[in-house]
Amino acid sequence: MSHIETLCVQAGYTPKNGEPRILPITQSTTYKYDTNEAMAALFDLAPGYMYTRLSNPTCDAVAARIAALEGGVGGVLTASGQSANFFALFNIMQAGDHFISTSNIYGGTFNLFGVTMKKMGIEVTFVDPNADDETFHKAFRPNTKAFFSESVANPSLVVCDFERFVKIAHEHGVPVIVDNTFPTPVNCRPFEYGVDIVTHSTTKYMDGHAATVGGCIVDSGNFDWFAHADRYPMMTTPDDSYHGVTYAKDFGKMGYLVKITAQLMRDLGSTPAPQNAFYINLGLETLALRMERHVQNAQKVAEYLQKDPRVSFVSFPGLKSDPGYELAQKYMKNGETCGVISFGVKGGREKAIKFMNALKLAAIVTHVADVRTCVLHPASSTHRQLSDEQLIACGVAPDLVRLSVGIEHVEDIIADLDQALAAAEA
């Protein structure tokens, strides 16, 4: 099973004779064992299930499917995309540590990194992704533990230059963590370009129907923690809370993920419900088909908007005029990214809001990347907590509209945009 379309349908769960064809929902908090010794072994991290806060068969099957799609050694589901990003970093960090992030990331993640994690004693340096290599190298410190970026930034749609960032980070002995939510592994597989760890908000295209919130962390298994043992003692020295287990030694390529389960899920409990994992699994089965239609529709919509004199700018890496076009051609399947477009309405913030209020088919929602076309004005919603300076740093103009193109007929989508642009002009 090497083709992505087949993995979407088949990976992660293989029923045996007489077992359910569809992934069952294991709706149980706990698991019964015949002997005390069998239960005791679980607390020495032997394979098995003890409590759903740590792991659950339904959740593990879905994580395995996502890991197969990404080409990783394994995965862990979390309760949200935010918790996935937090766990991916916090798993190898503690108070007093530092990491680097590109500055054009999703506003909620920007706030998590720059405000909440700062309160925990973990500092971040945000760097413009277009900065030169010297600027990035200068951002590294002796206590820098990770480099973070988004494969396609939300909502600026800047395409990550994977090979460049991997080269810089690895020169400093630091893993690269990339949020691959927008293109999904259908259109982009960051591990093929040297990225070490991938995160997802499964709430978006993977679920695809705005039905459930979730996240996932996938490890490539390629980062050598022992090559940088002094930098990552939490991976390379004994964990007293688990009888002295050394994760990178005792679990090899799975050590990073075992530590997330054994420590972070145990103590912080950002656990997905089995029912939610079940919904994500249903979405994954049609992911490849849906992404194809999302991209096709978005390409036509972007071309329409680019020609419209009522539009101030269009950001979509599928357009040859877009700054991210060449990187998309290099890193994305057939140059295809996702169904999200960012564009500006001439007349600034006021006209952009007037345009949004006139839409009929497209819905104003705090969401992106499902089957229905939806729209958001980031400067007054997802990025509302940011100052004007921070908005500019994130690539969010006051008139920027984030349009998530759905799988409806493209002519109906364009007709709705046309009448709303006319209403904004009136």
# chains A, B, ... in the order shown; residues from 1 in each chain; ligands from 1
call {"tool": "closest_atom_pairs", "arguments": {"of": "stretch 162-274 of chain A", "to": "stretch 80-85 of chain A", "cutoff": "9 Å", "atoms": "only C-alpha atoms", "output": "JSON lines"}}
result
{"residue": "A:Ile177", "atom": "CA", "partner": "A:Asn85", "partner_atom": "CA", "distance": 8.7}
{"residue": "A:Val178", "atom": "CA", "partner": "A:Asn85", "partner_atom": "CA", "distance": 9.0}
{"residue": "A:Asp179", "atom": "CA", "partner": "A:Asn85", "partner_atom": "CA", "distance": 7.6}
{"residue": "A:Thr181", "atom": "CA", "partner": "A:Gly81", "partner_atom": "CA", "distance": 8.7}
{"residue": "A:Thr199", "atom": "CA", "partner": "A:Ala84", "partner_atom": "CA", "distance": 6.2}
{"residue": "A:His200", "atom": "CA", "partner": "A:Gly81", "partner_atom": "CA", "distance": 5.8}
{"residue": "A:Ser201", "atom": "CA", "partner": "A:Gly81", "partner_atom": "CA", "distance": 3.8}
{"residue": "A:Thr202", "atom": "CA", "partner": "A:Gly81", "partner_atom": "CA", "distance": 6.7}
{"residue": "A:Thr203", "atom": "CA", "partner": "A:Gly81", "partner_atom": "CA", "distance": 7.2}
{"residue": "A:Val213", "atom": "CA", "partner": "A:Ser80", "partner_atom": "CA", "distance": 5.6}
{"residue": "A:Gly214", "atom": "CA", "partner": "A:Ser80", "partner_atom": "CA", "distance": 3.8}
{"residue": "A:Gly215", "atom": "CA", "partner": "A:Gly81", "partner_atom": "CA", "distance": 4.0}
{"residue": "A:Cys216", "atom": "CA", "partner": "A:Ala84", "partner_atom": "CA", "distance": 5.7}
{"residue": "A:Ile217", "atom": "CA", "partner": "A:Ala84", "partner_atom": "CA", "distance": 5.9}
{"residue": "A:Ser270", "atom": "CA", "partner": "A:Ser83", "partner_atom": "CA", "distance": 6.7}
{"residue": "A:Thr271", "atom": "CA", "partner": "A:Ser80", "partner_atom": "CA", "distance": 8.8}
{"residue": "A:Pro272", "atom": "CA", "partner": "A:Ser80", "partner_atom": "CA", "distance": 7.7}
call {"tool": "closest_atom_pairs", "arguments": {"of": "stretch 149-252 of chain A", "to": "stretch 310-325 of chain A", "cutoff": "7 Å", "atoms": "only C-alpha atoms", "output": "JSON lines"}}
result
{"residue": "A:Leu157", "atom": "CA", "partner": "A:Phe316", "partner_atom": "CA", "distance": 6.6}
{"residue": "A:Val158", "atom": "CA", "partner": "A:Gly324", "partner_atom": "CA", "distance": 6.0}
{"residue": "A:Val159", "atom": "CA", "partner": "A:Gly324", "partner_atom": "CA", "distance": 5.5}
call {"tool": "write_last_selection", "arguments": {"atoms": "N, CA and C atoms", "output": "PDB file, in the first residue's frame"}}
result
ATOM      1  N   LEU A 157      -0.513  32.105   3.585  1.00  0.00           N
ATOM      2  CA  LEU A 157      -0.274  31.107   2.535  1.00  0.00           C
ATOM      3  C   LEU A 157       1.163  31.110   2.026  1.00  0.00           C
ATOM      4  N   VAL A 158       2.081  31.587   2.841  1.00  0.00           N
ATOM      5  CA  VAL A 158       3.505  31.495   2.506  1.00  0.00           C
ATOM      6  C   VAL A 158       3.923  30.030   2.572  1.00  0.00           C
ATOM      7  N   VAL A 159       4.622  29.564   1.559  1.00  0.00           N
ATOM      8  CA  VAL A 159       5.054  28.170   1.491  1.00  0.00           C
ATOM      9  C   VAL A 159       6.409  28.028   2.169  1.00  0.00           C
TER      10      VAL A 159
END
call {"tool": "select_by_dssp", "arguments": {"residues": "stretch 212-398 of chain A", "states": "strand (DSSP E or B)", "output": "list in words"}}
result
Gly215, Cys216, Ile217, Val218, Asp219, Asp239, Val245, Val311, Ser312, Phe313, Val314, Ser315, Val340, Ile341, Ser342, Phe343, Gly344, Val345, Ala363, Ile364, Cys374, Val375 and Leu376 of chain A
call {"tool": "closest_residue", "arguments": {"among": "A:Asp230, A:Asn143, A:Phe355, A:Thr26", "to": "A:Ala420", "atoms": "only C-alpha atoms"}}
result
A:Phe355
call {"tool": "residues_around", "arguments": {"residues": "stretch 334-348 of chain A", "least_positions_apart": "6", "cutoff": "7 Å", "atoms": "only C-alpha atoms", "output": "list in words"}}
result
Pro155, Ser156, Phe182, Pro183, Asn187, Met291, His294, Val295, Ala298, Ala302, Arg310, Val311, Ser312, Phe313, Val314, Ser315, Phe316, Gly318, Ala328, Pro398, Asp399, Leu400, Val401, Arg402, Leu403, Ser404 and Val405 of chain A
call {"tool": "atom_distance", "arguments": {"atom1": "atom CA of A:Tyr232", "atom2": "atom CA of A:Leu89"}}
result
12.0 Å
call {"tool": "residues_around", "arguments": {"residues": "stretch 51-64 of chain A", "least_positions_apart": "5", "cutoff": "6 Å", "atoms": "only C-alpha atoms", "output": "PyMOL selection string"}}
result
chain A and resi 12-13+25-26+29-30+74-77+261+265-266+269+271+274+277+281
call {"tool": "write_last_selection", "arguments": {"atoms": "N, CA and C atoms", "output": "mmCIF file, in the first residue's frame"}}
result
data_model
loop_
_atom_site.group_PDB
_atom_site.id
_atom_site.type_symbol
_atom_site.label_atom_id
_atom_site.label_comp_id
_atom_site.auth_asym_id
_atom_site.auth_seq_id
_atom_site.Cartn_x
_atom_site.Cartn_y
_atom_site.Cartn_z
ATOM 1 N N GLY A 12 -3.836 1.633 9.027
ATOM 2 C CA GLY A 12 -4.103 1.812 10.447
ATOM 3 C C GLY A 12 -5.005 0.784 11.090
ATOM 4 N N TYR A 13 -5.886 0.169 10.295
ATOM 5 C CA TYR A 13 -6.818 -0.816 10.861
ATOM 6 C C TYR A 13 -7.047 -1.927 9.844
ATOM 7 N N ILE A 25 -15.521 1.853 17.746
ATOM 8 C CA ILE A 25 -15.305 2.862 18.774
ATOM 9 C C ILE A 25 -15.145 2.142 20.106
ATOM 10 N N THR A 26 -13.952 2.200 20.676
ATOM 11 C CA THR A 26 -13.714 1.602 21.985
ATOM 12 C C THR A 26 -14.063 2.638 23.044
ATOM 13 N N THR A 29 -13.169 3.767 29.424
ATOM 14 C CA THR A 29 -12.071 4.470 30.080
ATOM 15 C C THR A 29 -10.955 3.521 30.479
ATOM 16 N N THR A 30 -11.305 2.283 30.743
ATOM 17 C CA THR A 30 -10.329 1.375 31.341
ATOM 18 C C THR A 30 -10.389 -0.009 30.691
ATOM 19 N N GLY A 74 5.280 6.602 13.587
ATOM 20 C CA GLY A 74 4.100 6.483 14.434
ATOM 21 C C GLY A 74 3.508 7.853 14.705
ATOM 22 N N GLY A 75 2.351 7.837 15.374
ATOM 23 C CA GLY A 75 1.690 9.094 15.674
ATOM 24 C C GLY A 75 0.914 9.022 16.970
ATOM 25 N N VAL A 76 0.557 10.185 17.485
ATOM 26 C CA VAL A 76 -0.263 10.298 18.688
ATOM 27 C C VAL A 76 -1.358 11.324 18.414
ATOM 28 N N LEU A 77 -2.619 10.967 18.664
ATOM 29 C CA LEU A 77 -3.708 11.925 18.559
ATOM 30 C C LEU A 77 -3.770 12.784 19.814
ATOM 31 N N THR A 261 3.095 10.128 25.283
ATOM 32 C CA THR A 261 2.026 9.336 25.890
ATOM 33 C C THR A 261 2.260 9.136 27.382
ATOM 34 N N MET A 265 0.503 13.038 28.178
ATOM 35 C CA MET A 265 -0.889 12.589 28.275
ATOM 36 C C MET A 265 -1.227 12.185 29.708
ATOM 37 N N ARG A 266 -0.287 11.545 30.350
ATOM 38 C CA ARG A 266 -0.497 11.145 31.751
ATOM 39 C C ARG A 266 -0.767 12.347 32.642
ATOM 40 N N GLY A 269 -3.253 15.343 30.061
ATOM 41 C CA GLY A 269 -4.523 14.757 29.655
ATOM 42 C C GLY A 269 -5.241 15.426 28.501
ATOM 43 N N THR A 271 -6.582 14.552 25.877
ATOM 44 C CA THR A 271 -6.938 13.267 25.286
ATOM 45 C C THR A 271 -8.127 13.399 24.342
ATOM 46 N N PRO A 274 -12.670 8.815 21.870
ATOM 47 C CA PRO A 274 -12.731 7.795 20.818
ATOM 48 C C PRO A 274 -13.770 8.117 19.745
ATOM 49 N N ALA A 277 -12.211 10.502 17.345
ATOM 50 C CA ALA A 277 -11.253 9.798 16.491
ATOM 51 C C ALA A 277 -11.983 9.036 15.383
ATOM 52 N N ASN A 281 -11.488 9.439 11.370
ATOM 53 C CA ASN A 281 -11.203 8.298 10.507
ATOM 54 C C ASN A 281 -12.102 8.293 9.277
#
